[in-house]
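Notes follow once the structure below has been shown.
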There are 2 protein chains.
Amino acid sequence: MNSSVADSADQQATREKLEEMGHAARAAARLMARADTATKNSALKAIAAQLDARRDEVVAANARDMQAGRDNGLDAALLDRLELNDERIDGMIEGLHQIAELPDPVGEIEDLKYRPSGIQVGKMRVPLGVIGIIYESRPNVTIDAASLCLKSGNATILRGGSEALHSNGAIAACIAAGLKEEGLPETAVQVVDTTDRAAVGALISMPEYVDVIVPRGGTGLIERVSREARVPVIKHLHGVCHVYIDDRADLDKAFNIALNAKTHRYGVCNAMESLLVAEAVAADILPRLAAAYREKDVELRGCEQTRKILPDCHVASDSDWSEEYLAPILSIRVVADMDDALDHIARYGSGHTESIVTGDYSRARRFLAEVDASSVMVNASTRFADGFEYGLGAEIGISTDKIHARGPVGLEGLTSQKWIVLGDGHIRQ
Amino acid sequence: MNSSVADSADQQATREKLEEMGHAARAAARLMARADTATKNSALKAIAAQLDARRDEVVAANARDMQAGRDNGLDAALLDRLELNDERIDGMIEGLHQIAELPDPVGEIEDLKYRPSGIQVGKMRVPLGVIGIIYESRPNVTIDAASLCLKSGNATILRGGSEALHSNGAIAACIAAGLKEEGLPETAVQVVDTTDRAAVGALISMPEYVDVIVPRGGTGLIERVSREARVPVIKHLHGVCHVYIDDRADLDKAFNIALNAKTHRYGVCNAMESLLVAEAVAADILPRLAAAYREKDVELRGCEQTRKILPDCHVASDSDWSEEYLAPILSIRVVADMDDALDHIARYGSGHTESIVTGDYSRARRFLAEVDASSVMVNASTRFADGFEYGLGAEIGISTDKIHARGPVGLEGLTSQKWIVLGDGHIRQ
């Protein structure tokens with residue numbers, strides 16, 4: 001048997017395996033959709049207790065992944081993300097308890113009203129069904145994703161990174177045991193246990209079994225999933241976030257916000273990547289900001305006008321305006337006014353988070369209405385764009401899509417609404 | 001030049017044409033998103049006035065399509081759907097005025113609350129952006145779709161049936177004139193004026209220009225669009241709707257509802273296609289219902305138990321349970337109890353509309369919670385599943401998807417929500 005025949009036989013086997021998982025998930029989804037709040041919360045706590053009781057197993061499985069990672073030459077950052085220790089297991093346990101405390105969105109009825117025909121019409125919040133989640137190295141995503149899906153009444157199929165295979169297997173065993181304890185189907189959370197890349201292809205092309213895919217990882221993964229998926233995708237693509245300092249801004253507030261948005265954390269999608277400054281205040285605010293950035297070793301790349309004010313600033317090339325640095329680098333552009341800033345954001349923004357600093361009421365009102373992004377802010381740091389800060393309790397990711405869920409996706413983003421009609425023998429005239 | 005080279009050159013030209021339209025639509029979408037309610041309403045009324053003033057042109061253009069349709073042997077039903085006359089133009093004008101009267105969803109702010117950090121967080125309703133609509137013969141869809149997209153602040157690209165090309169062109173001219181009168185971009189509503197089928201392929205694969213596709217037409221069109229689209233699709237696939245008559249039903253109500261759900265109109269997606277009857281009441285209700293159906297020439301196809309009660313009922317084959325007849329045909333199954341009915345619906349239902357007739361509180365509560373469909377009803381005819389009956393004012397279609405919009409899609413279904421954050425110099429700690 002030559003190798004391509006073997007490959008394709010393997011791929012076929014993987015596809016069949018995924019279809020079996022899909023079939024089981026679909027059946028489990030029906031049971032999960034009707035599970036009551038108390039049972040789901042008890043299961044979350046039972047999983048937490050299992051994780052606590054089986055720490056040694058989880059750490060030992062993780063040690064195998066860590067050893068393989070070192071043998072395969074994974075870099076220090078990836079190894080750090082892969083590692084599970086007591087502190088991180090405590091974090092997962094804490095996360096499970098937090099999600100158990102959140103209100104259950106399932107079954108919530110909104111806007112139930114009488115219609116002239118005499119029927120009552122409203123909307124009831126319901127689970128999406130089966131959610132496929134594809135992620136990369138961090139094994140704690142297994143718990144985060146499973147617990148959000150469980151609480152929102154969905155079944156889920158998780159496909160983690162191949163480098164975390166043993167860690168994810170050990171966590172999956174805890175989840176299955178916790179589900180079983182509370183009489184919920186163990187197949188409500190299934191972890192794909194093959195490293196065959198064909199598993200991703202299969203998972204994203206089974207609309208009969210999977211209702212939505214959430215890819216979490218690098219741009220390469222997300223672009224591939226978006227291109228090839230045959231089911232809807234909730235995705236977070238880029239975060240090219242701007243802060244615009246208006247000429248009517250309080251410059252102290254502007255200073256604090258621009259500094260916080262860039263330097264609070266670098267490797268996060270809600271960090272500011274481009275600073276826009278109104279011409280009239282650029283010479284006032286930029287030197288002060290530049291000094292603060294330099295103290296934190298932030299590399300500055302500016303437009304021509306910026307470089308007149310900050311002569312030792314690097315030249316920003318055209319590609320800088322659409323770059324998500326995720327690093328201590330900032331591009332700076334001086335703009336004529338808010339309209340110029342709005343044009344820049346419409347052209348280069350990624351639709352993630354945009355903020356204006358201004359003391360002007362009408363401009364704040366216009367910025368809020370006209371900027372097309374998942375979060376639009378006035379006088380606040382872009383770093384607030386986060387499920388916890390927004391009060392969602394937890395998030396499965398931040399969507400830059402416009403359809404369905406936009407911005408931080410929490411429990412509600414994993415649900416949909418169906419219409420309900422209450423009559424008493426009503427017929428259509 | 002051989003024919004396939006010519007084809008591909010034509011396709012290339014069509015693709016370029018669509019990309020130009022997409023580019024123009026994207027620019028128009030930004031202007032539409034910030035158009036105020038009064039301007040949008042005036043534009044709707046101006047379009048109505050244009051239609052009224054140009055009746056002769058519209059009817060003349062339609063006459064060309066009708067003649068071509070007769071020459072091409074279109075059947076009477078298709079010709080009827082294609083025809084525009086004074087009455088139908090009045091209907092379009094009335095529709096425009098109705099949509100002008102509806103509340104504008106854009107800019108509506110929900111749930112604005114203070115967070116412990118001091119910021120206020122809420123959600124603002126915003127247009128989706130550019131909506132592509134692909135539909136078949138009825139030219140009045142051009143006005144329905146354009147007016148809903150306009151009112152919800154979206155730009156739209158409409159691709160109607162090739163048999164309605166001249167009619168759609170004449171309607172498009174009225175729309176453009178109405179938009180221009182009110183200072184809105186004429187490119188906010190663009191009608192594809194080529195019959196090249198490559199236009200559909202191009203329209204559904206430009207995620208940079210089109211945010212969502214709404215296909216309206218037969219199953220073939222919708223399946224093709226779903227399979228090939230590279231942008232999200234809001235679709236209505238099948239309507240295999242059930243009424244379940246429980247053994248605790250008031251049989252008079254059950255009789256009225258089952259009769260209305262099947263016979264009020266046949267060719268509609270919210271008509272009942274399968275009747276489920278609890279064993280304990282089957283012998284009471286079925287003969288009475290069968291007599292009423294027969295009076296209306298409805299063909300009955302039953303399971304074995306049904307045929308014991310109704311001996312001259314046809315045999316239902318397994319494929320009948322998943323059939324959307326859209327015709328005076330009904331399949332009937334006797335089930336043991338509600339659980340049996342729930343299983344049947346989970347297996348064969350298309351997720352459109354399901355109704356239970358029961359006097360039992362607990363069963364009504366369970367049916368509402370457990371049935372996975374876009375509309376779930378208690379003691380009401382499935383025929384109520386409709387945007388007007390639900391109070392949406394108008395609908396662009398009924399979605400059987402779970403993501404984003406489910407059930408009747410009105411103005412709100414053509415919008416999304418962004419997060420807004422109001423601070424006063426707040427930074428993340």
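Labeling convention for the structure tokens: chains A, B, ... as they appear, residues from 1 per chain, ligands from 1 in order of appearance.
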
Give me the chain B side of the contact with chain A, cut-off 8 Å, one line per residue showing its nearest atom pair and distance in Å at one decimal, counting only C-alpha atoms, sorted by chain and residue number, as a tab-separated table.
residue	atom	partner	partner_atom	distance
B:Arg30	CA	A:Glu370	CA	7.9
B:Ala33	CA	A:Glu370	CA	7.0
B:Arg34	CA	A:Glu370	CA	6.1
B:Gly107	CA	A:Ala369	CA	6.8
B:Arg115	CA	A:Tyr390	CA	7.2
B:Ser117	CA	A:Glu389	CA	7.7
B:Ile119	CA	A:Ala380	CA	7.6
B:Val121	CA	A:Tyr390	CA	6.3
B:Leu128	CA	A:Lys402	CA	6.4
B:Asp211	CA	A:Lys402	CA	7.6
B:Val212	CA	A:Ile403	CA	7.9
B:Arg227	CA	A:Arg230	CA	6.9
B:Arg230	CA	A:Arg227	CA	6.9
B:Pro232	CA	A:Pro232	CA	7.0
B:Lys253	CA	A:Gly425	CA	4.7
B:Ala254	CA	A:Gly425	CA	7.2
B:Asn256	CA	A:Ile427	CA	7.0
B:Ile257	CA	A:Ile427	CA	5.8
B:Asn260	CA	A:Ile427	CA	6.1
B:Ala261	CA	A:Ile427	CA	7.7
B:His264	CA	A:Arg428	CA	7.5
B:Val357	CA	A:Gly425	CA	7.9
B:Leu368	CA	A:Ile420	CA	7.1
B:Ala369	CA	A:Gly107	CA	6.7
B:Glu370	CA	A:Arg34	CA	6.0
B:Ala373	CA	A:Lys418	CA	6.7
B:Ser374	CA	A:Lys418	CA	4.8
B:Ser375	CA	A:Trp419	CA	4.5
B:Val376	CA	A:Ile420	CA	4.9
B:Met377	CA	A:Val421	CA	4.5
B:Val378	CA	A:Leu422	CA	5.1
B:Asn379	CA	A:Gly425	CA	4.9
B:Ala380	CA	A:His426	CA	4.8
B:Ser381	CA	A:Ile427	CA	5.1
B:Arg383	CA	A:Arg428	CA	6.2
B:Phe384	CA	A:Arg428	CA	6.3
B:Glu389	CA	A:Arg115	CA	7.4
B:Tyr390	CA	A:Val121	CA	6.4
B:Gly391	CA	A:Arg115	CA	7.2
B:Lys402	CA	A:Ser416	CA	6.3
B:Ile403	CA	A:His404	CA	5.8
B:His404	CA	A:His404	CA	3.8
B:Ala405	CA	A:His404	CA	7.4
B:Arg406	CA	A:Lys418	CA	6.3
B:Gly407	CA	A:Trp419	CA	7.0
B:Ser416	CA	A:Lys402	CA	6.3
B:Gln417	CA	A:Arg406	CA	6.9
B:Lys418	CA	A:Ser374	CA	4.8
B:Trp419	CA	A:Ser375	CA	4.5
B:Ile420	CA	A:Val376	CA	4.9
B:Val421	CA	A:Met377	CA	4.5
B:Leu422	CA	A:Val378	CA	5.1
B:Gly423	CA	A:Ala380	CA	4.9
B:Asp424	CA	A:Asn379	CA	5.0
B:Gly425	CA	A:Lys253	CA	4.7
B:His426	CA	A:Ala380	CA	4.8
B:Ile427	CA	A:Ser381	CA	5.1
B:Arg428	CA	A:Arg383	CA	6.2

From a DSSP pass on the backbone, collect the residues of segment 248-425 of chain B flagged as strand (DSSP E) and hand them back as a PyMOL selection string.
chain B and resi 272-278+299-302+314-315+329-335+353-357+375-380+397-399+407-409+415-425

Please identify which residues in segment 79-251 of chain B DSSP calls helix (DSSP H, G or I) from the backbone, and express them as a ChimeraX atom specification.
/B:79-82,86-101,140-151,162-181,186-188,198-203,219-228,251

Near segment 161-178 of chain B, within 8 Å and counting only C-alpha atoms, which residues show up once chain neighbours fewer than 4 positions away are dropped, as a ChimeraX atom specification?
/B:43-51,54,57-59,61-62,64-65,68-69,82,135-139,142-143,182,186-187,189-191,193-195

Skip His314 of chain B itself and residues of its chain fewer than 2 positions away, then list as a VMD selection string all residues within 8 Å of it, counting only C-alpha atoms.
chain B and resid 299 to 302 307 312 316

Please dump the current selection as an mmCIF file, in the first residue's frame; keep all heavy atoms.
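Result went into selection.cif, see below:
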data_model
loop_
_atom_site.group_PDB
_atom_site.id
_atom_site.type_symbol
_atom_site.label_atom_id
_atom_site.label_comp_id
_atom_site.auth_asym_id
_atom_site.auth_seq_id
_atom_site.Cartn_x
_atom_site.Cartn_y
_atom_site.Cartn_z
ATOM 1 N N GLU B 299 -55.927 15.022 0.172
ATOM 2 C CA GLU B 299 -55.562 13.604 0.139
ATOM 3 C C GLU B 299 -54.903 13.218 1.464
ATOM 4 O O GLU B 299 -54.011 13.910 1.937
ATOM 5 C CB GLU B 299 -54.584 13.370 -1.021
ATOM 6 C CG GLU B 299 -54.135 11.929 -1.117
ATOM 7 C CD GLU B 299 -53.015 11.734 -2.135
ATOM 8 O OE1 GLU B 299 -52.968 12.465 -3.139
ATOM 9 O OE2 GLU B 299 -52.172 10.857 -1.892
ATOM 10 N N LEU B 300 -55.336 12.104 2.062
ATOM 11 C CA LEU B 300 -54.785 11.681 3.345
ATOM 12 C C LEU B 300 -53.891 10.454 3.165
ATOM 13 O O LEU B 300 -54.236 9.532 2.431
ATOM 14 C CB LEU B 300 -55.923 11.350 4.316
ATOM 15 C CG LEU B 300 -56.939 12.477 4.543
ATOM 16 C CD1 LEU B 300 -58.027 12.018 5.523
ATOM 17 C CD2 LEU B 300 -56.249 13.729 5.075
ATOM 18 N N ARG B 301 -52.742 10.494 3.831
ATOM 19 C CA ARG B 301 -51.815 9.351 3.792
ATOM 20 C C ARG B 301 -51.489 8.992 5.238
ATOM 21 O O ARG B 301 -50.894 9.793 5.955
ATOM 22 C CB ARG B 301 -50.531 9.716 3.054
ATOM 23 C CG ARG B 301 -50.788 10.178 1.621
ATOM 24 C CD ARG B 301 -49.491 10.473 0.895
ATOM 25 N NE ARG B 301 -49.769 11.031 -0.429
ATOM 26 C CZ ARG B 301 -48.817 11.477 -1.243
ATOM 27 N NH1 ARG B 301 -47.538 11.422 -0.876
ATOM 28 N NH2 ARG B 301 -49.131 11.961 -2.426
ATOM 29 N N GLY B 302 -51.851 7.792 5.666
ATOM 30 C CA GLY B 302 -51.739 7.491 7.087
ATOM 31 C C GLY B 302 -50.837 6.315 7.416
ATOM 32 O O GLY B 302 -50.504 5.496 6.556
ATOM 33 N N ARG B 307 -54.901 3.929 9.412
ATOM 34 C CA ARG B 307 -55.704 3.226 8.411
ATOM 35 C C ARG B 307 -56.680 2.236 9.037
ATOM 36 O O ARG B 307 -57.668 1.860 8.412
ATOM 37 C CB ARG B 307 -54.809 2.570 7.371
ATOM 38 C CG ARG B 307 -54.046 3.659 6.567
ATOM 39 C CD ARG B 307 -53.183 3.108 5.469
ATOM 40 N NE ARG B 307 -53.993 2.533 4.418
ATOM 41 C CZ ARG B 307 -53.981 1.242 4.113
ATOM 42 N NH1 ARG B 307 -53.197 0.404 4.764
ATOM 43 N NH2 ARG B 307 -54.755 0.807 3.133
ATOM 44 N N ASP B 312 -60.086 3.936 4.209
ATOM 45 C CA ASP B 312 -59.797 4.314 2.816
ATOM 46 C C ASP B 312 -58.725 5.397 2.695
ATOM 47 O O ASP B 312 -58.561 6.009 1.631
ATOM 48 C CB ASP B 312 -61.084 4.717 2.078
ATOM 49 C CG ASP B 312 -61.847 5.770 2.852
ATOM 50 O OD1 ASP B 312 -61.443 6.051 4.004
ATOM 51 O OD2 ASP B 312 -62.833 6.316 2.309
ATOM 52 N N ALA B 316 -49.107 5.826 4.014
ATOM 53 C CA ALA B 316 -47.969 6.752 4.058
ATOM 54 C C ALA B 316 -46.684 5.935 3.979
ATOM 55 O O ALA B 316 -46.501 5.000 4.757
ATOM 56 C CB ALA B 316 -47.994 7.564 5.343
#

Residue among A:Glu395, A:Asp80, A:Asp111, A:Glu20 lying closest to Val214 of chain A, counting only C-alpha atoms:
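Once distances to Val214 of chain A are computed over only C-alpha atoms, the minimum belongs to A:Glu395.
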
Residue neighbourhood Arg294 of chain B, 12 Å, only C-alpha atoms, exclusion window fewer than 4 positions, as a ChimeraX atom specification:
/B:259,262-263,286-290,298-300,310,312-313,328-330

Residue contacts of Glu208 of chain A (9 Å, only C-alpha atoms) excluding same-chain residues fewer than 5 positions away, as number ranges by chain
A: 22-23, 26

Convert the current residue selection to file output with C-alpha atoms, as a short mmCIF file (atom, residue, chain, number, x, y, z; two decimals), in the first residue's frame.
data_model
loop_
_atom_site.label_atom_id
_atom_site.label_comp_id
_atom_site.auth_asym_id
_atom_site.auth_seq_id
_atom_site.Cartn_x
_atom_site.Cartn_y
_atom_site.Cartn_z
CA GLY A 22 -21.40 14.13 15.57
CA HIS A 23 -24.24 11.64 15.71
CA ARG A 26 -26.74 15.50 18.20
#

Just the residues within 12 Å of Ile99 of chain B, please, counting only C-alpha atoms, with nothing from its chain fewer than 2 positions along; format it as number ranges by chain.
B: 37, 40-45, 47-48, 92-97, 101-105, 143-152, 388, 392-396, 410-411
